[in-house]
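**Student:** Below is the file final.cif, with mmCIF, C-alpha atoms and all ligand atoms.
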data_input
#
loop_
_atom_site.label_atom_id
_atom_site.label_comp_id
_atom_site.auth_asym_id
_atom_site.auth_seq_id
_atom_site.Cartn_x
_atom_site.Cartn_y
_atom_site.Cartn_z
CA MET D 79 5.41 5.73 -31.47
CA LYS D 80 3.14 6.21 -28.42
CA LEU D 81 4.05 6.10 -24.74
CA ASN D 82 2.03 4.06 -22.27
CA GLY D 83 -0.83 6.51 -21.64
CA ASN D 84 -1.70 4.81 -18.35
CA PHE D 85 1.25 6.58 -16.74
CA GLN D 86 -0.75 9.82 -17.09
CA ASN D 87 -3.25 8.31 -14.66
CA LEU D 88 -0.73 7.87 -11.85
CA GLU D 89 -1.09 10.22 -8.90
CA GLN D 90 1.98 12.31 -8.27
CA SER D 91 3.78 10.91 -5.27
CA TYR D 92 4.06 14.06 -3.17
CA LEU D 93 4.39 12.29 0.16
CA PHE D 94 8.10 11.73 0.70
CA VAL D 95 9.07 14.73 -1.46
CA THR D 96 6.89 17.02 0.67
CA ILE D 97 8.21 15.50 3.90
CA ALA D 98 11.81 15.95 2.77
CA LYS D 99 11.11 19.57 1.78
CA LYS D 100 9.49 20.42 5.13
CA VAL D 101 12.29 18.71 7.07
CA ASN D 102 14.98 20.52 5.05
CA GLU D 103 13.34 23.89 5.70
CA PHE D 104 13.23 23.09 9.41
CA THR D 105 16.87 21.97 9.67
CA GLU D 106 18.05 25.04 7.74
CA LYS D 107 16.23 27.30 10.18
CA HIS D 108 17.40 25.28 13.20
CA PRO D 109 20.90 23.97 12.46
CA ASP D 110 21.38 22.75 16.07
CA ASN D 111 18.12 20.79 16.10
CA GLN D 112 17.32 17.61 18.07
CA LEU D 113 15.29 16.03 15.28
CA ILE D 114 14.10 12.42 15.75
CA ARG D 115 13.18 10.75 12.47
CA MET D 116 10.33 8.26 12.80
CA GLY D 117 9.01 8.61 9.28
CA ILE D 118 11.26 6.12 7.56
CA GLY D 119 10.23 2.58 6.64
CA ASP D 120 13.86 1.47 6.55
CA VAL D 121 15.83 -0.62 9.02
CA THR D 122 18.78 0.89 10.93
CA LEU D 123 20.60 -2.04 12.60
CA PRO D 124 23.52 -3.64 10.71
CA LEU D 125 23.44 -7.11 9.14
CA ALA D 126 23.79 -10.10 11.49
CA PRO D 127 27.32 -11.57 12.00
CA VAL D 128 26.34 -14.90 10.33
CA VAL D 129 25.27 -12.97 7.24
CA ILE D 130 28.54 -11.02 7.04
CA GLU D 131 30.52 -14.25 7.50
CA ALA D 132 28.60 -15.97 4.68
CA MET D 133 29.22 -12.99 2.37
CA HIS D 134 32.98 -13.00 3.08
CA LYS D 135 33.11 -16.71 2.33
CA ALA D 136 31.11 -16.36 -0.89
CA THR D 137 33.29 -13.42 -1.99
CA ASP D 138 36.39 -15.59 -1.58
CA GLU D 139 34.75 -18.29 -3.71
CA MET D 140 34.23 -15.73 -6.46
CA ALA D 141 37.99 -14.97 -6.38
CA LYS D 142 39.07 -18.49 -7.41
CA LYS D 143 38.64 -20.11 -10.81
CA GLU D 144 37.52 -23.43 -9.26
CA THR D 145 34.69 -21.90 -7.20
CA PHE D 146 33.76 -18.83 -9.28
CA ARG D 147 30.05 -18.61 -10.26
CA GLY D 148 28.62 -16.83 -13.27
CA TYR D 149 24.94 -16.95 -14.25
CA SER D 150 23.03 -19.17 -11.88
CA PRO D 151 21.62 -22.33 -13.48
CA ASP D 152 18.09 -21.20 -12.55
CA SER D 153 16.95 -17.57 -12.30
CA ASN D 154 14.60 -18.58 -9.46
CA GLY D 155 17.39 -19.20 -6.97
CA TYR D 156 20.04 -21.75 -6.07
CA PRO D 157 18.67 -24.99 -4.59
CA PHE D 158 20.57 -24.34 -1.33
CA LEU D 159 18.50 -21.18 -0.72
CA ARG D 160 15.16 -22.54 -1.94
CA GLU D 161 15.61 -25.55 0.35
CA ALA D 162 16.56 -23.31 3.30
CA ILE D 163 13.36 -21.26 2.79
CA ALA D 164 11.27 -24.45 2.47
CA GLY D 165 12.80 -25.56 5.80
CA TYR D 166 11.72 -22.26 7.37
CA TYR D 167 8.13 -22.84 6.18
CA GLN D 168 8.32 -26.36 7.67
CA SER D 169 9.20 -24.76 11.01
CA LEU D 170 5.96 -22.73 10.77
CA GLY D 171 4.06 -25.97 10.14
CA VAL D 172 3.48 -25.01 6.50
CA ASP D 173 4.15 -27.49 3.72
CA VAL D 174 5.98 -25.67 0.90
CA GLU D 175 8.40 -27.40 -1.45
CA ALA D 176 11.65 -25.87 -2.70
CA GLU D 177 10.28 -25.85 -6.29
CA GLU D 178 7.33 -23.75 -5.14
CA ILE D 179 9.68 -20.97 -3.95
CA PHE D 180 10.92 -18.33 -6.42
CA VAL D 181 13.81 -16.20 -5.18
CA GLY D 182 13.90 -12.62 -6.42
CA ASP D 183 15.51 -9.26 -5.64
CA GLY D 184 12.79 -8.18 -3.20
CA ALA D 185 9.07 -8.14 -2.57
CA LYS D 186 8.59 -4.78 -4.29
CA SER D 187 9.85 -6.17 -7.62
CA ASP D 188 7.88 -9.40 -7.35
CA VAL D 189 4.63 -7.72 -6.24
CA GLY D 190 5.07 -5.20 -9.05
CA ASN D 191 6.04 -7.72 -11.74
CA ILE D 192 3.46 -10.41 -10.96
CA VAL D 193 0.81 -8.33 -12.74
CA ASP D 194 2.53 -9.29 -16.05
CA ILE D 195 0.88 -12.71 -15.88
CA PHE D 196 -2.68 -11.40 -15.36
CA ASP D 197 -5.07 -10.11 -18.01
CA ASP D 198 -5.55 -6.33 -17.99
CA ALA D 199 -9.34 -6.79 -17.91
CA ASN D 200 -9.23 -8.09 -14.31
CA THR D 201 -10.70 -5.99 -11.50
CA VAL D 202 -8.34 -5.39 -8.60
CA LEU D 203 -9.33 -5.00 -4.94
CA VAL D 204 -6.90 -2.98 -2.85
CA PRO D 205 -7.25 -2.00 0.80
CA ASP D 206 -7.19 1.74 1.56
CA PRO D 207 -4.86 2.83 3.14
CA VAL D 208 -1.99 0.63 1.94
CA TYR D 209 1.54 0.37 0.49
CA PRO D 210 1.28 2.41 -2.76
CA VAL D 211 2.98 -0.20 -5.02
CA TYR D 212 -0.22 -2.25 -5.49
CA VAL D 213 -2.19 0.69 -6.86
CA ASP D 214 0.54 2.18 -9.05
CA THR D 215 1.52 -1.08 -10.77
CA ASN D 216 -2.10 -1.78 -11.72
CA ILE D 217 -2.68 1.76 -12.96
CA MET D 218 0.36 1.29 -15.23
CA SER D 219 -1.44 -1.67 -16.87
CA GLY D 220 -4.78 0.15 -16.96
CA ARG D 221 -6.68 -2.22 -14.65
CA GLU D 222 -9.83 -1.17 -12.85
CA ILE D 223 -9.21 -0.76 -9.12
CA VAL D 224 -11.82 -0.96 -6.36
CA TYR D 225 -11.00 -0.20 -2.75
CA ALA D 226 -11.73 -2.07 0.49
CA ASP D 227 -12.17 0.64 3.10
CA ALA D 228 -10.01 0.23 6.19
CA ASN D 229 -11.04 2.52 9.02
CA MET D 230 -11.50 2.83 12.77
CA GLU D 231 -14.81 0.91 12.62
CA ASN D 232 -13.14 -2.25 11.27
CA GLY D 233 -9.85 -1.72 13.08
CA PHE D 234 -8.21 -1.03 9.70
CA LEU D 235 -8.85 -4.69 8.76
CA PRO D 236 -11.47 -4.69 5.97
CA MET D 237 -13.35 -7.93 5.38
CA PRO D 238 -14.79 -9.24 2.09
CA LYS D 239 -18.12 -7.69 1.11
CA ALA D 240 -20.70 -8.58 -1.50
CA ASP D 241 -20.28 -5.18 -3.14
CA HIS D 242 -16.62 -5.62 -3.99
CA PRO D 243 -16.37 -8.51 -6.38
CA ALA D 244 -12.81 -8.68 -7.66
CA ASP D 245 -10.45 -10.95 -9.56
CA ILE D 246 -7.20 -9.93 -7.90
CA ILE D 247 -7.19 -9.23 -4.15
CA TYR D 248 -4.25 -7.60 -2.36
CA ILE D 249 -3.74 -8.30 1.35
CA CYS D 250 -0.86 -6.92 3.39
CA SER D 251 -0.69 -8.41 6.91
CA PRO D 252 0.83 -7.07 9.11
CA ASN D 253 -0.14 -3.97 7.19
CA ASN D 254 2.02 -1.10 6.05
CA PRO D 255 1.14 1.61 7.12
CA THR D 256 -1.39 0.63 9.82
CA GLY D 257 0.45 -2.24 11.52
CA ALA D 258 -2.89 -4.09 11.77
CA VAL D 259 -2.68 -7.88 11.44
CA TYR D 260 -5.41 -10.37 10.44
CA ASN D 261 -6.16 -13.37 12.64
CA ARG D 262 -6.76 -16.89 11.35
CA GLU D 263 -10.57 -16.60 11.10
CA GLN D 264 -10.36 -13.33 9.18
CA LEU D 265 -7.84 -14.74 6.69
CA GLN D 266 -10.01 -17.86 6.33
CA ALA D 267 -12.92 -15.58 5.35
CA TRP D 268 -10.76 -13.95 2.66
CA VAL D 269 -9.59 -17.36 1.36
CA ASP D 270 -13.19 -18.65 1.23
CA TYR D 271 -14.25 -15.47 -0.57
CA ALA D 272 -11.43 -15.78 -3.12
CA LEU D 273 -12.23 -19.45 -3.78
CA ASP D 274 -15.90 -18.56 -4.23
CA GLN D 275 -15.13 -15.64 -6.59
CA LYS D 276 -12.41 -17.64 -8.42
CA ALA D 277 -10.08 -14.77 -7.55
CA VAL D 278 -6.40 -14.75 -6.66
CA ILE D 279 -5.08 -13.34 -3.36
CA LEU D 280 -1.72 -11.58 -3.50
CA PHE D 281 -0.53 -11.83 0.10
CA ASP D 282 2.30 -9.51 1.13
CA SER D 283 3.95 -10.93 4.25
CA ALA D 284 6.99 -8.63 4.33
CA TYR D 285 6.48 -8.12 8.09
CA GLU D 286 5.84 -11.77 9.06
CA SER D 287 8.85 -11.86 11.40
CA PHE D 288 7.10 -9.27 13.63
CA VAL D 289 4.02 -11.45 14.15
CA SER D 290 3.58 -12.82 17.68
CA PRO D 291 2.80 -16.53 18.23
CA GLY D 292 -0.84 -17.46 17.71
CA LEU D 293 -1.41 -15.24 14.68
CA PRO D 294 -0.76 -16.41 11.10
CA ARG D 295 2.58 -15.51 9.49
CA SER D 296 1.81 -17.12 6.14
CA ILE D 297 -1.38 -17.27 4.09
CA PHE D 298 -0.57 -20.95 3.54
CA GLU D 299 -1.39 -21.62 7.20
CA ILE D 300 -5.01 -21.18 6.04
CA PRO D 301 -6.71 -24.23 4.46
CA GLY D 302 -7.61 -23.63 0.80
CA ALA D 303 -4.99 -20.87 0.30
CA GLU D 304 -2.88 -23.20 -1.87
CA LYS D 305 -5.66 -23.00 -4.49
CA CYS D 306 -6.10 -19.20 -4.48
CA ALA D 307 -3.06 -17.37 -3.09
CA ILE D 308 0.44 -16.19 -3.94
CA GLU D 309 2.68 -15.12 -1.06
CA PHE D 310 5.37 -12.43 -1.30
CA CYS D 311 8.04 -12.29 1.33
CA SER D 312 11.28 -10.46 1.78
CA LEU D 313 14.41 -10.45 3.90
CA SER D 314 14.31 -6.63 4.00
CA LYS D 315 12.50 -6.20 7.32
CA THR D 316 13.21 -9.74 8.60
CA ALA D 317 16.98 -9.57 8.33
CA GLY D 318 17.87 -5.97 7.46
CA PHE D 319 18.31 -6.74 3.73
CA THR D 320 16.82 -3.46 2.41
CA GLY D 321 20.16 -2.60 0.79
CA MET D 322 21.03 -6.22 -0.08
CA ARG D 323 17.94 -7.04 -2.17
CA CYS D 324 16.56 -10.52 -1.68
CA GLY D 325 13.00 -11.79 -1.37
CA TYR D 326 10.90 -14.77 -2.39
CA THR D 327 7.53 -15.54 -3.85
CA VAL D 328 5.64 -18.74 -3.07
CA ILE D 329 3.24 -20.26 -5.59
CA LYS D 330 1.87 -23.70 -4.78
CA LYS D 331 1.53 -26.35 -7.48
CA GLU D 332 -2.22 -26.44 -6.82
CA LEU D 333 -2.72 -22.83 -8.03
CA CYS D 334 -4.26 -23.07 -11.52
CA PHE D 335 -6.72 -20.98 -13.51
CA ASP D 336 -8.44 -22.52 -16.56
CA GLY D 337 -6.11 -25.49 -16.16
CA VAL D 338 -2.98 -23.33 -16.47
CA SER D 339 -0.37 -23.43 -13.70
CA VAL D 340 0.32 -19.96 -12.26
CA ALA D 341 3.78 -21.08 -11.11
CA ALA D 342 4.64 -22.10 -14.68
CA LEU D 343 3.66 -18.64 -16.01
CA TRP D 344 5.68 -16.86 -13.30
CA GLN D 345 8.68 -19.09 -14.08
CA ARG D 346 8.34 -18.19 -17.76
CA ARG D 347 8.04 -14.47 -16.95
CA GLN D 348 11.09 -14.50 -14.68
CA GLY D 349 13.09 -16.65 -17.13
CA SER D 350 12.51 -14.02 -19.84
CA LYS D 351 13.06 -10.84 -17.81
CA PHE D 352 15.26 -11.74 -14.81
CA ASN D 353 18.63 -13.41 -14.38
CA GLY D 354 18.60 -14.15 -10.68
CA VAL D 355 19.86 -12.63 -7.45
CA ASN D 356 23.63 -12.44 -7.16
CA TYR D 357 25.37 -15.48 -5.64
CA ILE D 358 26.89 -13.63 -2.66
CA THR D 359 23.49 -12.30 -1.60
CA GLN D 360 21.92 -15.75 -1.97
CA ARG D 361 24.59 -17.20 0.35
CA ALA D 362 23.89 -14.34 2.78
CA ALA D 363 20.16 -15.15 2.62
CA GLU D 364 20.86 -18.85 3.21
CA ALA D 365 22.70 -17.89 6.43
CA VAL D 366 19.55 -16.08 7.69
CA PHE D 367 17.70 -19.42 7.78
CA THR D 368 20.32 -21.31 9.83
CA PRO D 369 19.47 -21.70 13.54
CA GLU D 370 22.12 -19.11 14.45
CA GLY D 371 20.86 -16.81 11.67
CA ILE D 372 17.27 -17.05 12.91
CA LYS D 373 18.45 -16.25 16.43
CA GLN D 374 20.58 -13.25 15.42
CA THR D 375 18.01 -11.71 13.07
CA ARG D 376 15.17 -12.23 15.59
CA ASP D 377 17.27 -10.29 18.12
CA ALA D 378 17.13 -7.28 15.79
CA VAL D 379 13.38 -7.73 15.26
CA ALA D 380 12.97 -7.91 19.08
CA TYR D 381 14.88 -4.60 19.39
CA TYR D 382 12.45 -2.92 16.97
CA LYS D 383 9.48 -4.54 18.72
CA ARG D 384 10.67 -3.12 22.06
CA ASN D 385 10.67 0.33 20.43
CA ALA D 386 7.14 -0.34 19.18
CA GLY D 387 6.19 -1.35 22.73
CA VAL D 388 7.45 1.98 24.08
CA MET D 389 5.33 3.77 21.48
CA VAL D 390 2.24 1.68 22.27
CA ASP D 391 2.60 2.38 26.02
CA ALA D 392 2.81 6.12 25.37
CA LEU D 393 -0.24 6.14 23.07
CA ARG D 394 -2.24 4.16 25.67
CA GLU D 395 -1.27 6.66 28.35
CA LEU D 396 -2.33 9.52 26.08
CA GLY D 397 -5.59 7.75 25.25
CA TYR D 398 -5.06 8.06 21.49
CA TRP D 399 -6.86 5.57 19.25
CA PHE D 400 -4.21 3.36 17.56
CA THR D 401 -3.47 0.11 15.74
CA GLY D 402 -0.20 -1.76 15.20
CA GLY D 403 2.88 -1.87 17.34
CA GLU D 404 2.28 -5.34 18.74
CA ASN D 405 2.92 -7.33 15.56
CA SER D 406 4.51 -4.66 13.45
CA PRO D 407 7.26 -2.04 13.37
CA TYR D 408 4.59 0.62 12.74
CA VAL D 409 2.12 2.30 15.02
CA TRP D 410 -0.76 4.10 13.40
CA PHE D 411 -2.90 6.48 15.37
CA LYS D 412 -5.60 9.08 15.14
CA CYS D 413 -4.14 12.57 15.37
CA PRO D 414 -5.19 14.42 18.56
CA ASP D 415 -7.76 17.25 18.53
CA ASN D 416 -9.13 16.11 15.15
CA MET D 417 -6.07 17.49 13.42
CA GLY D 418 -5.43 16.46 9.81
CA GLY D 419 -2.34 14.32 9.19
CA TRP D 420 -0.36 17.18 7.63
CA GLU D 421 -1.41 19.63 10.33
CA TYR D 422 -0.24 17.19 13.02
CA PHE D 423 2.93 16.48 10.99
CA ASP D 424 3.78 20.21 11.12
CA TYR D 425 3.00 20.32 14.84
CA LEU D 426 5.26 17.31 15.59
CA LEU D 427 8.05 18.76 13.45
CA ASN D 428 7.97 22.32 14.76
CA GLU D 429 6.95 21.79 18.39
CA LYS D 430 8.41 18.34 19.16
CA GLN D 431 11.16 17.96 16.55
CA ILE D 432 9.77 14.58 15.52
CA VAL D 433 9.26 13.43 11.92
CA GLY D 434 6.29 11.12 11.25
CA THR D 435 4.41 10.11 8.11
CA PRO D 436 0.92 11.58 7.63
CA GLY D 437 -1.73 8.98 6.84
CA GLU D 438 -2.94 11.07 3.88
CA GLY D 439 0.01 9.64 1.91
CA PHE D 440 -1.42 6.09 1.92
CA GLY D 441 -4.99 6.59 0.72
CA LYS D 442 -8.12 8.62 1.47
CA ASN D 443 -8.90 6.61 4.62
CA GLY D 444 -5.51 7.55 6.03
CA ALA D 445 -6.69 11.15 6.51
CA GLY D 446 -6.29 12.41 10.07
CA CYS D 447 -3.92 9.59 11.01
CA MET D 448 -0.15 9.37 11.60
CA ARG D 449 2.34 6.53 11.10
CA LEU D 450 5.39 6.30 13.32
CA SER D 451 8.14 3.78 12.66
CA ALA D 452 9.89 1.67 15.32
CA PHE D 453 12.96 1.11 13.12
CA GLY D 454 14.93 3.84 14.91
CA ASP D 455 17.29 4.01 17.86
CA ALA D 456 15.91 2.83 21.25
CA GLU D 457 16.99 5.90 23.25
CA LYS D 458 15.67 8.29 20.61
CA THR D 459 12.36 6.42 20.46
CA LYS D 460 11.97 6.81 24.24
CA GLU D 461 12.90 10.48 24.04
CA ALA D 462 10.36 11.06 21.23
CA MET D 463 7.52 9.50 23.21
CA GLU D 464 8.45 11.56 26.30
CA ARG D 465 8.24 14.71 24.17
CA ILE D 466 4.79 13.74 22.85
CA LYS D 467 3.55 12.87 26.36
CA LYS D 468 4.60 16.31 27.67
CA GLY D 469 1.76 17.72 25.55
C1 LIG W 501 9.19 -2.93 2.92
C2 LIG W 501 8.06 -3.61 2.25
C3 LIG W 501 8.29 -4.62 1.32
C4 LIG W 501 9.68 -5.12 1.04
O1 LIG W 501 10.16 -4.70 -0.15
P1 LIG W 501 11.58 -5.17 -0.66
O2 LIG W 501 11.53 -4.85 -2.10
O3 LIG W 501 11.69 -6.64 -0.40
O4 LIG W 501 12.61 -4.38 0.10
C5 LIG W 501 7.20 -5.24 0.71
N1 LIG W 501 5.94 -4.89 1.05
C6 LIG W 501 5.69 -3.95 1.96
C7 LIG W 501 4.29 -3.65 2.33
C8 LIG W 501 6.74 -3.26 2.58
O5 LIG W 501 6.48 -2.30 3.46
#
Kindly present the structure from the file in structure tokens form.

**Tutor:**
Amino acid sequence: MKLNGNFQNLEQSYLFVTIAKKVNEFTEKHPDNQLIRMGIGDVTLPLAPVVIEAMHKATDEMAKKETFRGYSPDSNGYPFLREAIAGYYQSLGVDVEAEEIFVGDGAKSDVGNIVDIFDDANTVLVPDPVYPVYVDTNIMSGREIVYADANMENGFLPMPKADHPADIIYICSPNNPTGAVYNREQLQAWVDYALDQKAVILFDSAYESFVSPGLPRSIFEIPGAEKCAIEFCSLSKTAGFTGMRCGYTVIKKELCFDGVSVAALWQRRQGSKFNGVNYITQRAAEAVFTPEGIKQTRDAVAYYKRNAGVMVDALRELGYWFTGGENSPYVWFKCPDNMGGWEYFDYLLNEKQIVGTPGEGFGKNGAGCMRLSAFGDAEKTKEAMERIKKG
């Protein structure tokens, strides 16, 4: 018996452990502190009323023999939800059919599990800095990883280059942690590159609901993407579902490699290892896509975007270099006085009583940068920016 040796190649994830340790030390020393936590990537507003109503109704159905539901007939989601999501895509002007939508328990699971259907010999292209899941899940399968450098020169939006040929390309837009978002022309360049290289794009659109009109929310807004891309989306940031667990993956019928349908392989993978999202949560997700659900959940997104706006205004005033904020719940900025991310983290914690996330935790190009989250309370966000502005 041998364990999967690839796990030895994973980097220890010190980031959130170290942050928690430093914050604990601080709060022990200062029990009456005024700490403002802007490090978290989690939502704070409660679920929308339409969602709660749908869950109550579905719970009552589960209490009666006539309406009780056991295993769902299809592990990829009930037709009512797949059709509701297809309707949402229609509203974006994107043609996606219900059968091309695969409902799962969140984008993290689907992004992590999709690698099951790809050969381990593929080369993977991952932006640096980025959400750590893409790197870790490929290290676990022993794939070679190359990095697309995101930095101040390219506005943290790397473009395809001749010297990074790859088979599997990860794109996260709007990006976590940088908040940077690709425009239509830039995504078209990636799609053209993928088609040319016969590569697949794995497009993480977890933050699509934060994107302002005029910029693409879905990779399928880009011509040719149906033949080279898979889209991962989630209700976590869109509708506050981080504790509910529901997301969806879109694979168009046109996506084939060597004549094999990618959607068919994913269906087979899910059918063997996954038994579907629970019925009550699927009804809750359906409610998100009703007109009232869209309105209520967009109100919460607007609240977070106002926080991001307050942060952007403060950074402009301070003259700090930054990305994000406008189409994202994250602002990402260069630490003042050439401080390293951890050095500035300690300064913010001890001098300003603010918790951020140092860029070092997301890749080598994150060094010297800081991520602040707009998912907090509006008054506290204002207070935090006042403290930073005081210098
Ligand atoms: C939060 C987040 C997700 C969503 O994950 P869930 O499993 O759906 O909660 C996916 N991708 C990125 C980049 C994220 O930041």

**Student:** Counting only C-alpha atoms, which residue out of D:Val202, D:Val289, D:Leu273, D:Ala317 sits closest to Ala303 (chain D)?

**Tutor:**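 The shortest atom-to-atom distance to Ala303 (chain D) comes from D:Leu273.
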
**Student:** Mind pulling up the distance from CA of Gly119 (chain D) to CA of Ile432 (chain D)?

**Tutor:**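 We find that CA of Ile432 (chain D) and CA of Gly119 (chain D) lie 14.9 Å from each other.
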
**Student:** Go through D:Val129, D:Ala378, D:Met237, D:Ile358 and flag the residue nearest Ala267 (chain D), using only C-alpha atoms for the distances.

**Tutor:**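 Of the candidates, the smallest distance to Ala267 (chain D) is held by D:Met237.
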
**Student:** Please compute the CA of Asn385 (chain D)-CA of Pro407 (chain D) distance, one decimal, in Å.

**Tutor:**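 Taking CA of Asn385 (chain D) as the start and CA of Pro407 (chain D) as the end point, the length is 8.2 Å.
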
**Student:** What do you get as a ChimeraX atom specification if you pick all residues at most 9 Å from ligand LIG 501 (chain W), counting only C-alpha atoms and all ligand atoms?

**Tutor:** /D:119-120,182-189,208-211,250-255,282-285,310-315,319-326

**Student:** Enter the distance from CA of Val278 (chain D) to CA of Asn82 (chain D), in Å, rounded to one decimal.

**Tutor:** 25.9 Å

**Student:** In terms of the shortest atom-to-atom distance over all atoms listed in the file, which of D:Gly148, D:Lys331, D:Glu429, D:Thr401 is closest to Tyr260 (chain D)?

**Tutor:**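 Nearest candidate to Tyr260 (chain D) out of D:Gly148, D:Lys331, D:Glu429, D:Thr401: D:Thr401.
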